[in-house]
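Below is protein19.cif, holding mmCIF, C-alpha atoms and all ligand atoms.
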data_my_file
loop_
_atom_site.group_PDB
_atom_site.id
_atom_site.type_symbol
_atom_site.label_atom_id
_atom_site.label_comp_id
_atom_site.auth_asym_id
_atom_site.auth_seq_id
_atom_site.Cartn_x
_atom_site.Cartn_y
_atom_site.Cartn_z
ATOM 1 C CA MET A 1 8.131 -5.609 -18.150
ATOM 2 C CA SER A 2 4.373 -5.217 -18.590
ATOM 3 C CA VAL A 3 1.558 -5.322 -16.022
ATOM 4 C CA GLY A 4 0.302 -8.376 -17.948
ATOM 5 C CA GLN A 5 3.558 -10.225 -17.212
ATOM 6 C CA VAL A 6 3.331 -9.199 -13.540
ATOM 7 C CA GLY A 7 -0.181 -10.697 -13.471
ATOM 8 C CA ARG A 8 0.978 -13.973 -15.050
ATOM 9 C CA ASP A 9 3.874 -14.250 -12.575
ATOM 10 C CA TRP A 10 1.610 -13.644 -9.596
ATOM 11 C CA ASN A 11 -0.937 -16.100 -10.869
ATOM 12 C CA GLU A 12 1.810 -18.727 -10.966
ATOM 13 C CA LEU A 13 2.956 -17.779 -7.456
ATOM 14 C CA GLY A 14 -0.660 -18.066 -6.273
ATOM 15 C CA GLU A 15 -0.908 -21.538 -7.792
ATOM 16 C CA SER A 16 2.208 -22.981 -6.168
ATOM 17 C CA ASP A 17 3.054 -21.221 -2.886
ATOM 18 C CA PRO A 18 0.455 -18.484 -2.254
ATOM 19 C CA LEU A 19 0.956 -17.805 1.462
ATOM 20 C CA TRP A 20 4.741 -17.585 1.181
ATOM 21 C CA ALA A 21 4.457 -15.363 -1.917
ATOM 22 C CA VAL A 22 2.426 -12.741 -0.035
ATOM 23 C CA LEU A 23 4.801 -12.713 2.943
ATOM 24 C CA THR A 24 8.191 -14.151 2.045
ATOM 25 C CA GLU A 25 9.468 -14.915 5.535
ATOM 26 C CA PRO A 26 12.451 -17.253 5.857
ATOM 27 C CA GLY A 27 11.370 -20.778 6.751
ATOM 28 C CA LYS A 28 7.892 -20.327 5.233
ATOM 29 C CA LYS A 29 8.708 -21.342 1.665
ATOM 30 C CA ASN A 30 7.084 -24.495 0.217
ATOM 31 C CA ASN A 31 3.730 -23.909 1.925
ATOM 32 C CA GLN A 32 5.040 -23.720 5.482
ATOM 33 C CA TRP A 33 2.697 -20.893 6.616
ATOM 34 C CA SER A 34 -0.590 -21.908 8.196
ATOM 35 C CA ALA A 35 -3.407 -19.560 7.205
ATOM 36 C CA ALA A 36 -4.092 -18.731 10.880
ATOM 37 C CA GLU A 37 -0.470 -17.784 11.473
ATOM 38 C CA LEU A 38 -0.297 -15.662 8.316
ATOM 39 C CA PHE A 39 -3.579 -13.890 9.050
ATOM 40 C CA ALA A 40 -2.400 -13.122 12.594
ATOM 41 C CA THR A 41 0.426 -11.046 11.036
ATOM 42 C CA GLY A 42 -2.213 -9.080 9.089
ATOM 43 C CA CYS A 43 -4.267 -8.415 12.235
ATOM 44 C CA ALA A 44 -1.199 -7.192 14.112
ATOM 45 C CA GLN A 45 -0.119 -4.976 11.204
ATOM 46 C CA VAL A 46 -3.496 -3.311 10.713
ATOM 47 C CA ALA A 47 -3.951 -2.778 14.483
ATOM 48 C CA GLU A 48 -0.477 -1.161 14.638
ATOM 49 C CA ASP A 49 -1.260 1.134 11.720
ATOM 50 C CA ILE A 50 -4.595 2.220 13.182
ATOM 51 C CA ALA A 51 -2.851 2.994 16.489
ATOM 52 C CA TRP A 52 -0.104 4.875 14.571
ATOM 53 C CA ALA A 53 -2.717 7.017 12.817
ATOM 54 C CA ASP A 54 -4.595 7.546 16.106
ATOM 55 C CA GLY A 55 -1.359 8.841 17.623
ATOM 56 C CA LEU A 56 -1.148 11.392 14.815
ATOM 57 C CA GLY A 57 -4.745 12.496 15.411
ATOM 58 C CA ILE A 58 -6.040 10.745 12.279
ATOM 59 C CA THR A 59 -8.925 8.330 12.841
ATOM 60 C CA ILE A 60 -9.201 5.520 10.327
ATOM 61 C CA ARG A 61 -11.938 3.010 11.098
ATOM 62 C CA GLY A 62 -15.551 2.436 10.107
ATOM 63 C CA GLY A 63 -17.022 2.861 6.635
ATOM 64 C CA ARG A 64 -15.437 1.329 3.528
ATOM 65 C CA ALA A 65 -11.863 0.186 2.974
ATOM 66 C CA LEU A 66 -10.034 -0.940 -0.148
ATOM 67 C CA ASP A 67 -7.174 -3.460 -0.005
ATOM 68 C CA PHE A 68 -5.322 -3.083 -3.304
ATOM 69 C CA GLY A 69 -3.269 -6.173 -4.225
ATOM 70 C CA CYS A 70 -5.032 -8.186 -1.530
ATOM 71 C CA GLY A 71 -3.394 -11.557 -2.295
ATOM 72 C CA VAL A 72 -4.926 -14.290 -0.132
ATOM 73 C CA GLY A 73 -6.665 -11.734 2.117
ATOM 74 C CA ARG A 74 -4.059 -11.432 4.893
ATOM 75 C CA LEU A 75 -4.814 -7.719 5.379
ATOM 76 C CA THR A 76 -8.341 -7.752 3.915
ATOM 77 C CA ASN A 77 -9.646 -9.923 6.764
ATOM 78 C CA ALA A 78 -7.812 -7.782 9.297
ATOM 79 C CA LEU A 79 -9.384 -4.617 7.826
ATOM 80 C CA ALA A 80 -12.807 -6.278 8.008
ATOM 81 C CA GLY A 81 -12.379 -6.245 11.788
ATOM 82 C CA HIS A 82 -12.352 -2.426 11.732
ATOM 83 C CA PHE A 83 -14.502 -1.462 8.712
ATOM 84 C CA ASP A 84 -18.122 -2.113 7.705
ATOM 85 C CA GLU A 85 -17.195 -3.216 4.198
ATOM 86 C CA VAL A 86 -13.880 -4.099 2.549
ATOM 87 C CA VAL A 87 -13.135 -4.529 -1.136
ATOM 88 C CA GLY A 88 -10.068 -6.608 -2.034
ATOM 89 C CA VAL A 89 -8.672 -6.213 -5.555
ATOM 90 C CA ASP A 90 -6.029 -8.449 -7.084
ATOM 91 C CA ILE A 91 -4.552 -9.123 -10.508
ATOM 92 C CA ALA A 92 -4.124 -12.888 -9.881
ATOM 93 C CA GLU A 93 -7.210 -15.091 -9.978
ATOM 94 C CA SER A 94 -5.286 -17.886 -8.204
ATOM 95 C CA MET A 95 -4.662 -15.578 -5.211
ATOM 96 C CA LEU A 96 -8.326 -14.561 -5.145
ATOM 97 C CA ALA A 97 -9.423 -18.218 -5.153
ATOM 98 C CA HIS A 98 -7.495 -18.680 -1.884
ATOM 99 C CA ALA A 99 -8.778 -15.372 -0.536
ATOM 100 C CA ARG A 100 -12.395 -16.446 -1.115
ATOM 101 C CA ARG A 101 -11.739 -19.812 0.522
ATOM 102 C CA LEU A 102 -10.106 -18.140 3.542
ATOM 103 C CA ASP A 103 -12.677 -15.338 3.954
ATOM 104 C CA ARG A 104 -13.432 -15.028 7.694
ATOM 105 C CA SER A 105 -15.392 -11.773 7.476
ATOM 106 C CA GLY A 106 -18.955 -13.062 7.580
ATOM 107 C CA GLY A 107 -19.819 -11.403 4.274
ATOM 108 C CA ARG A 108 -18.160 -8.010 4.722
ATOM 109 C CA ILE A 109 -15.467 -8.585 2.070
ATOM 110 C CA ARG A 110 -15.989 -8.395 -1.695
ATOM 111 C CA TYR A 111 -13.114 -9.688 -3.827
ATOM 112 C CA ILE A 112 -12.612 -8.336 -7.345
ATOM 113 C CA HIS A 113 -10.280 -9.596 -10.057
ATOM 114 C CA ASN A 114 -8.753 -6.778 -12.124
ATOM 115 C CA THR A 115 -6.097 -7.141 -14.790
ATOM 116 C CA ALA A 116 -6.416 -3.621 -16.209
ATOM 117 C CA ASP A 117 -3.735 -1.039 -15.499
ATOM 118 C CA ASP A 118 -6.298 1.262 -13.835
ATOM 119 C CA LEU A 119 -9.185 0.999 -11.371
ATOM 120 C CA ARG A 120 -11.927 2.501 -13.501
ATOM 121 C CA PHE A 121 -14.498 0.034 -12.126
ATOM 122 C CA LEU A 122 -14.221 1.837 -8.760
ATOM 123 C CA GLU A 123 -16.031 5.144 -8.309
ATOM 124 C CA ASP A 124 -14.306 8.367 -7.277
ATOM 125 C CA GLY A 125 -14.079 8.932 -3.523
ATOM 126 C CA GLY A 126 -15.748 5.655 -2.523
ATOM 127 C CA PHE A 127 -13.339 4.567 0.259
ATOM 128 C CA ASP A 128 -12.618 5.928 3.729
ATOM 129 C CA LEU A 129 -9.308 4.050 3.795
ATOM 130 C CA VAL A 130 -7.217 2.740 0.944
ATOM 131 C CA TYR A 131 -4.587 0.256 2.071
ATOM 132 C CA THR A 132 -1.882 -1.323 -0.051
ATOM 133 C CA ASP A 133 1.195 -3.144 1.170
ATOM 134 C CA ARG A 134 3.915 -5.017 -0.761
ATOM 135 C CA VAL A 135 2.240 -4.425 -4.126
ATOM 136 C CA ILE A 136 3.398 -1.180 -5.778
ATOM 137 C CA GLN A 137 7.025 -2.347 -5.543
ATOM 138 C CA HIS A 138 6.324 -5.264 -7.885
ATOM 139 C CA LEU A 139 4.941 -3.102 -10.671
ATOM 140 C CA PRO A 140 6.863 -1.393 -13.455
ATOM 141 C CA PRO A 141 7.654 2.081 -12.016
ATOM 142 C CA LYS A 142 5.390 3.978 -14.422
ATOM 143 C CA SER A 143 2.430 1.695 -13.671
ATOM 144 C CA GLY A 144 3.101 1.860 -9.930
ATOM 145 C CA ARG A 145 2.789 5.647 -9.990
ATOM 146 C CA ALA A 146 -0.348 5.469 -12.164
ATOM 147 C CA TYR A 147 -1.974 3.074 -9.664
ATOM 148 C CA LEU A 148 -1.014 5.423 -6.810
ATOM 149 C CA ARG A 149 -2.936 8.221 -8.562
ATOM 150 C CA GLU A 150 -5.870 5.855 -9.017
ATOM 151 C CA LEU A 151 -5.762 4.941 -5.334
ATOM 152 C CA MET A 152 -5.970 8.628 -4.466
ATOM 153 C CA ARG A 153 -8.889 9.094 -6.856
ATOM 154 C CA VAL A 154 -10.958 6.379 -5.146
ATOM 155 C CA THR A 155 -10.244 7.720 -1.633
ATOM 156 C CA ARG A 156 -12.905 10.040 -0.242
ATOM 157 C CA PRO A 157 -11.816 13.617 0.466
ATOM 158 C CA GLY A 158 -10.637 13.656 4.068
ATOM 159 C CA GLY A 159 -10.013 9.872 3.912
ATOM 160 C CA ALA A 160 -6.634 8.182 4.312
ATOM 161 C CA LEU A 161 -4.239 5.972 2.373
ATOM 162 C CA ILE A 162 -1.665 3.661 3.890
ATOM 163 C CA VAL A 163 0.950 2.624 1.363
ATOM 164 C CA GLY A 164 3.690 0.096 2.141
ATOM 165 C CA VAL A 165 6.559 0.232 -0.354
ATOM 166 C CA PRO A 166 10.357 0.226 0.012
ATOM 167 C CA ASP A 167 11.883 3.693 -0.137
ATOM 168 C CA GLY A 168 15.281 2.360 -1.226
ATOM 169 C CA ALA A 169 17.748 -0.499 -1.064
ATOM 170 C CA THR A 170 19.945 -1.063 1.988
ATOM 171 C CA SER A 171 23.158 -0.237 0.078
ATOM 172 C CA TYR A 172 24.240 1.480 -3.136
ATOM 173 C CA VAL A 173 25.472 -1.829 -4.531
ATOM 174 C CA ARG A 174 22.125 -3.472 -3.895
ATOM 175 C CA ALA A 175 20.257 -0.500 -5.347
ATOM 176 C CA ALA A 176 22.409 -0.607 -8.467
ATOM 177 C CA LEU A 177 21.989 -4.372 -8.863
ATOM 178 C CA ALA A 178 18.229 -4.157 -8.400
ATOM 179 C CA ALA A 179 17.876 -1.278 -10.843
ATOM 180 C CA LEU A 180 20.310 -2.421 -13.522
ATOM 181 C CA ALA A 181 19.958 -6.211 -13.615
ATOM 182 C CA PRO A 182 18.342 -7.111 -16.932
ATOM 183 C CA ASN A 183 14.910 -8.669 -16.528
ATOM 184 C CA PRO A 184 15.730 -12.023 -18.156
ATOM 185 C CA LEU A 185 18.796 -12.441 -15.922
ATOM 186 C CA LEU A 186 16.923 -11.567 -12.742
ATOM 187 C CA ARG A 187 14.012 -13.812 -13.664
ATOM 188 C CA SER A 188 16.301 -16.728 -14.345
ATOM 189 C CA PHE A 189 18.288 -16.113 -11.111
ATOM 190 C CA GLN A 190 15.122 -16.040 -9.001
ATOM 191 C CA ARG A 191 13.737 -19.208 -10.572
ATOM 192 C CA ARG A 192 16.889 -21.299 -10.838
ATOM 193 C CA VAL A 193 19.063 -20.166 -7.939
ATOM 194 C CA LEU A 194 16.578 -18.838 -5.374
ATOM 195 C CA ARG A 195 13.979 -21.452 -6.418
ATOM 196 C CA PHE A 196 11.107 -18.969 -6.581
ATOM 197 C CA PRO A 197 8.054 -20.548 -8.272
ATOM 198 C CA ALA A 198 7.916 -17.360 -10.408
ATOM 199 C CA PRO A 199 9.904 -14.119 -10.388
ATOM 200 C CA MET A 200 9.106 -11.055 -8.274
ATOM 201 C CA ARG A 201 10.816 -7.890 -9.504
ATOM 202 C CA MET A 202 11.235 -5.118 -6.922
ATOM 203 C CA HIS A 203 11.289 -1.323 -7.382
ATOM 204 C CA ALA A 204 11.652 1.214 -4.579
ATOM 205 C CA ILE A 205 10.152 4.709 -4.556
ATOM 206 C CA GLY A 206 12.139 7.344 -2.666
ATOM 207 C CA ARG A 207 10.210 9.290 -0.053
ATOM 208 C CA ALA A 208 10.537 12.643 -1.837
ATOM 209 C CA GLU A 209 9.197 11.200 -5.066
ATOM 210 C CA PHE A 210 6.376 9.407 -3.252
ATOM 211 C CA ALA A 211 5.394 12.659 -1.506
ATOM 212 C CA ASP A 212 5.449 14.447 -4.847
ATOM 213 C CA VAL A 213 3.169 11.879 -6.526
ATOM 214 C CA MET A 214 0.741 12.097 -3.598
ATOM 215 C CA THR A 215 0.743 15.895 -3.507
ATOM 216 C CA ARG A 216 0.084 16.155 -7.220
ATOM 217 C CA ALA A 217 -2.774 13.658 -6.868
ATOM 218 C CA GLY A 218 -4.370 15.755 -4.107
ATOM 219 C CA GLY A 219 -3.040 14.234 -0.894
ATOM 220 C CA THR A 220 -0.726 15.134 1.959
ATOM 221 C CA LEU A 221 1.953 12.775 3.225
ATOM 222 C CA CYS A 222 1.569 13.030 7.010
ATOM 223 C CA ALA A 223 4.068 10.440 8.242
ATOM 224 C CA THR A 224 6.357 7.599 7.214
ATOM 225 C CA ARG A 225 7.679 4.778 9.350
ATOM 226 C CA PRO A 226 10.036 1.888 8.726
ATOM 227 C CA TYR A 227 8.983 -1.691 9.346
ATOM 228 C CA GLY A 228 10.387 -5.172 9.041
ATOM 229 C CA ALA A 229 13.984 -6.259 8.636
ATOM 230 C CA ASP A 230 15.055 -7.042 5.104
ATOM 231 C CA PRO A 231 18.691 -7.390 4.073
ATOM 232 C CA TRP A 232 17.973 -5.814 0.679
ATOM 233 C CA TRP A 233 15.167 -3.273 1.037
ATOM 234 C CA ARG A 234 14.231 -0.450 3.426
ATOM 235 C CA HIS A 235 10.514 -1.076 3.847
ATOM 236 C CA VAL A 236 8.356 1.832 4.970
ATOM 237 C CA ARG A 237 4.679 2.566 5.316
ATOM 238 C CA HIS A 238 3.368 6.000 4.426
ATOM 239 C CA LEU A 239 0.243 7.579 5.886
ATOM 240 C CA VAL A 240 -1.395 9.994 3.462
ATOM 241 C CA VAL A 241 -4.585 12.023 3.866
ATOM 242 C CA LYS A 242 -6.605 13.144 0.881
ATOM 243 C CA GLU A 243 -7.186 16.835 1.069
ATOM 244 C CA PRO A 244 -10.357 17.983 2.782
ATOM 245 C CA ARG A 245 -13.453 18.606 0.770
ATOM 246 C CA HIS A 246 -14.558 21.931 2.170
ATOM 247 C CA ALA A 247 -12.972 25.271 1.401
ATOM 248 C CA GLY A 248 -11.116 26.536 4.422
ATOM 249 C CA GLU A 249 -11.078 23.159 6.189
ATOM 250 C CA ALA A 250 -7.507 22.581 7.293
ATOM 251 C CA LEU A 251 -5.887 19.210 7.838
ATOM 252 C CA VAL A 252 -4.001 19.201 11.124
ATOM 253 C CA TRP A 253 -2.053 16.239 12.450
ATOM 254 C CA ALA A 254 0.417 15.564 15.230
ATOM 255 C CA ARG A 255 3.961 15.272 13.913
ATOM 256 C CA PRO A 256 6.276 12.679 15.457
ATOM 257 C CA ASP A 257 8.537 15.522 16.612
ATOM 258 C CA GLY A 258 5.737 16.847 18.826
ATOM 259 C CA ARG A 259 4.856 19.832 16.641
ATOM 260 C CA SER A 260 1.709 19.947 14.604
ATOM 261 C CA GLY A 261 1.487 19.673 10.844
ATOM 262 C CA ALA A 262 -1.154 21.644 8.963
ATOM 263 C CA VAL A 263 -2.229 22.196 5.391
ATOM 264 C CA ALA A 264 -5.086 24.331 4.158
ATOM 265 C CA GLY A 265 -8.092 22.854 2.422
ATOM 266 C CA PRO A 266 -8.868 23.856 -1.171
ATOM 267 C CA ALA A 267 -9.507 27.550 -1.796
ATOM 268 C CA ALA A 268 -9.008 28.375 1.868
ATOM 269 C CA ASP A 269 -8.430 32.006 2.726
ATOM 270 C CA PRO A 270 -5.280 32.078 4.881
ATOM 271 C CA ALA A 271 -6.060 35.614 5.979
ATOM 272 C CA ALA A 272 -9.287 34.401 7.542
ATOM 273 C CA ASP A 273 -7.628 31.445 9.291
ATOM 274 C CA PRO A 274 -3.898 31.871 9.922
ATOM 275 C CA ALA A 275 -3.699 28.338 11.308
ATOM 276 C CA ALA A 276 -4.657 27.047 7.872
ATOM 277 C CA ASP A 277 -1.727 28.728 6.122
ATOM 278 C CA PRO A 278 1.161 26.293 5.727
ATOM 279 C CA ALA A 279 3.539 29.160 5.019
ATOM 280 C CA ALA A 280 2.782 30.505 8.501
ATOM 281 C CA ASP A 281 3.729 27.180 10.057
ATOM 282 C CA PRO A 282 7.019 25.684 8.963
ATOM 283 C CA ALA A 283 5.850 22.476 10.630
ATOM 284 C CA GLY A 284 3.392 22.131 7.760
ATOM 285 C CA ALA A 285 5.990 20.345 5.663
ATOM 286 C CA PRO A 286 5.511 16.580 5.659
ATOM 287 C CA SER A 287 7.685 14.890 8.235
ATOM 288 C CA ALA A 288 9.187 11.474 8.730
HETATM 289 C C1 LIG B 301 3.442 -9.662 -2.028
HETATM 290 S S1 LIG B 301 1.744 -9.905 -2.361
HETATM 291 C C2 LIG B 301 1.018 -8.940 -1.062
HETATM 292 C C3 LIG B 301 -0.401 -9.315 -0.757
HETATM 293 C C4 LIG B 301 -1.039 -8.500 0.363
HETATM 294 N N1 LIG B 301 -1.008 -7.090 0.089
HETATM 295 C C5 LIG B 301 -0.350 -8.792 1.674
HETATM 296 O O1 LIG B 301 0.489 -7.979 2.100
HETATM 297 O O2 LIG B 301 -0.641 -9.817 2.255
HETATM 298 C C6 LIG B 301 1.450 -8.872 -3.804
HETATM 299 C C7 LIG B 301 0.047 -9.018 -4.337
HETATM 300 O O3 LIG B 301 -0.195 -7.965 -5.266
HETATM 301 C C8 LIG B 301 -0.902 -8.479 -6.364
HETATM 302 N N2 LIG B 301 -0.713 -7.584 -7.502
HETATM 303 C C9 LIG B 301 0.417 -7.353 -8.211
HETATM 304 N N3 LIG B 301 0.184 -6.444 -9.169
HETATM 305 C C10 LIG B 301 -1.120 -6.080 -9.054
HETATM 306 C C11 LIG B 301 -1.966 -5.184 -9.769
HETATM 307 N N4 LIG B 301 -1.506 -4.476 -10.799
HETATM 308 N N5 LIG B 301 -3.250 -5.057 -9.391
HETATM 309 C C12 LIG B 301 -3.719 -5.782 -8.347
HETATM 310 N N6 LIG B 301 -2.976 -6.662 -7.659
HETATM 311 C C13 LIG B 301 -1.692 -6.809 -7.997
HETATM 312 C C14 LIG B 301 -0.326 -9.876 -6.545
HETATM 313 O O4 LIG B 301 -1.149 -10.729 -7.299
HETATM 314 C C15 LIG B 301 -0.188 -10.321 -5.092
HETATM 315 O O5 LIG B 301 -1.348 -10.945 -4.638
#
For the file at hand, write its structure as structure tokens.
Ligand SMILES: C[S@@+](CC[C@H](N)C(=O)[O-])C[C@H]1O[C@@H](n2cnc3c(N)ncnc32)[C@H](O)[C@@H]1O
Amino acid sequence: MSVGQVGRDWNELGESDPLWAVLTEPGKKNNQWSAAELFATGCAQVAEDIAWADGLGITIRGGRALDFGCGVGRLTNALAGHFDEVVGVDIAESMLAHARRLDRSGGRIRYIHNTADDLRFLEDGGFDLVYTDRVIQHLPPKSGRAYLRELMRVTRPGGALIVGVPDGATSYVRAALAALAPNPLLRSFQRRVLRFPAPMRMHAIGRAEFADVMTRAGGTLCATRPYGADPWWRHVRHLVVKEPRHAGEALVWARPDGRSGAVAGPAADPAADPAADPAADPAGAPSA
């Protein structure tokens, strides 16, 4: 399936049941969310993630944030409560129409429609925080990984990314069904049996592969935590830090197991700063 098809599907979802499509909670189908109720979930989520990062010694507030796949602005408005400026990007114009209507930020949010399979309209290193939740999973796997690299590119060195994406299905049978079901069959099942206004295909990314994509793009996966209860998918959010700008500047964070994680900055001289040598600290490996 192409990114173009994903965009058409999401545009249809945004036209018929936008608030349910961004957060598919039981009982909220057929426009049963109120905007206030939906946005309250975004505020709680962003506050939890900021506190999570704080607990790891990583401060993420102030400056510029990007909300990739912003939908109706559930998380964009929440981020605007912690950042000076927030850019929300979405592939579906119908979603953005609702996001603009529901903007509560007093002018601190800029919404951008993008149907391209990259983010070339955004400069390198322009964001202190890049946030994306419930988006990468809907993209064809190759495109999802390409967008992840783009998200790293637009993060400033030393800045953070929070990425919400399932790291697997809840059982082998479910994983096999999700991976092997032919697209036309799945699309028809979701429309006709589940009564979705348009299909939503799901793809998980295992934690090891996610860490690998991030490392190759120049980031360090500092922590991962599960959230939500879904009978099909194990949802997690990853906290990633883009490697520091200055030679010798080490990234140090508090691991959930009480030890500290550390990676050296680019071209650091481990002999000059033993604390910056990951080989000297087995705790430097990314942890759950
Ligand atoms: C499940 S909704 C999540 C919205 C929002 N992140 C939230 O959690 O409230 C997925 C959103 O991602 C958008 N999306 C899907 N593919 C995209 C892409 N390639 N670029 C930008 N947005 C995309 C969809 O239009 C939709 O608004």
* To do: Report as a PyMOL selection string the full result of the PyMOL selection byres (((not hetatm)) within 8 of (chain B and resi 301)) when it is applied to this structure.
  => chain A and resi 3+6-7+10-11+14+21-24+42+67-75+89-93+95-96+113-117+132-136+138-139+143-144+147
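Remark: for Ile60 (chain A), the closest of the candidate residues A:Ala44, A:Leu180, A:Ala223, A:Ile162 is A:Ile162 (distances computed over all atoms listed in the file).
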* Asked: Of the residues A:Pro166, A:Pro18, A:Gly125, A:Gly57, which is the one nearest to Gly218 (chain A), using only C-alpha atoms?
  ->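 Ranked by minimum distance to Gly218 (chain A), first place goes to A:Gly125.
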* Spell out the residues picked by the PyMOL selection byres (((chain A and resi 239-242) around 6) and not hetatm) here, as a PyMOL selection string. => chain A and resi 157-162+219-223+238+243
* Asked: Quick one: residues within 12 Å of Ala175 (chain A), all atoms listed in the file counted, chain neighbours fewer than 4 positions away excluded, as an MDAnalysis selection string?
  -> chainID A and resid 166:171 179:181 202:206 231:234
* Quote the spacing between CA of Pro141 (chain A) and CA of Leu185 (chain A) in Å to one decimal place. =>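 About the pair CA of Pro141 (chain A) and CA of Leu185 (chain A): they are 18.7 Å apart.
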* Residue contacts of Tyr227 (chain A) (10 Å, all atoms listed in the file) excluding same-chain residues fewer than 4 positions away, as a PyMOL selection string -> chain A and resi 45+164+166+234-237
When the PyMOL selection byres (((chain A and resi 109) around 7) and not hetatm) is applied to the structure above, which residues does it catch, written out as a compact mmCIF listing (two decimals) with C-alpha atoms, in the frame of the given file?
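Everything below was put into part.txt:
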# COMPACT_ATOMS: atom_id res chain seq x y z
CA ALA A 80 -12.81 -6.28 8.01
CA GLU A 85 -17.20 -3.22 4.20
CA VAL A 86 -13.88 -4.10 2.55
CA VAL A 87 -13.14 -4.53 -1.14
CA SER A 105 -15.39 -11.77 7.48
CA GLY A 107 -19.82 -11.40 4.27
CA ARG A 108 -18.16 -8.01 4.72
CA ARG A 110 -15.99 -8.40 -1.70
CA TYR A 111 -13.11 -9.69 -3.83
* Just give me the gap between CA of Lys29 (chain A) and CA of Leu102 (chain A) in Å, one decimal is fine. => 19.2 Å
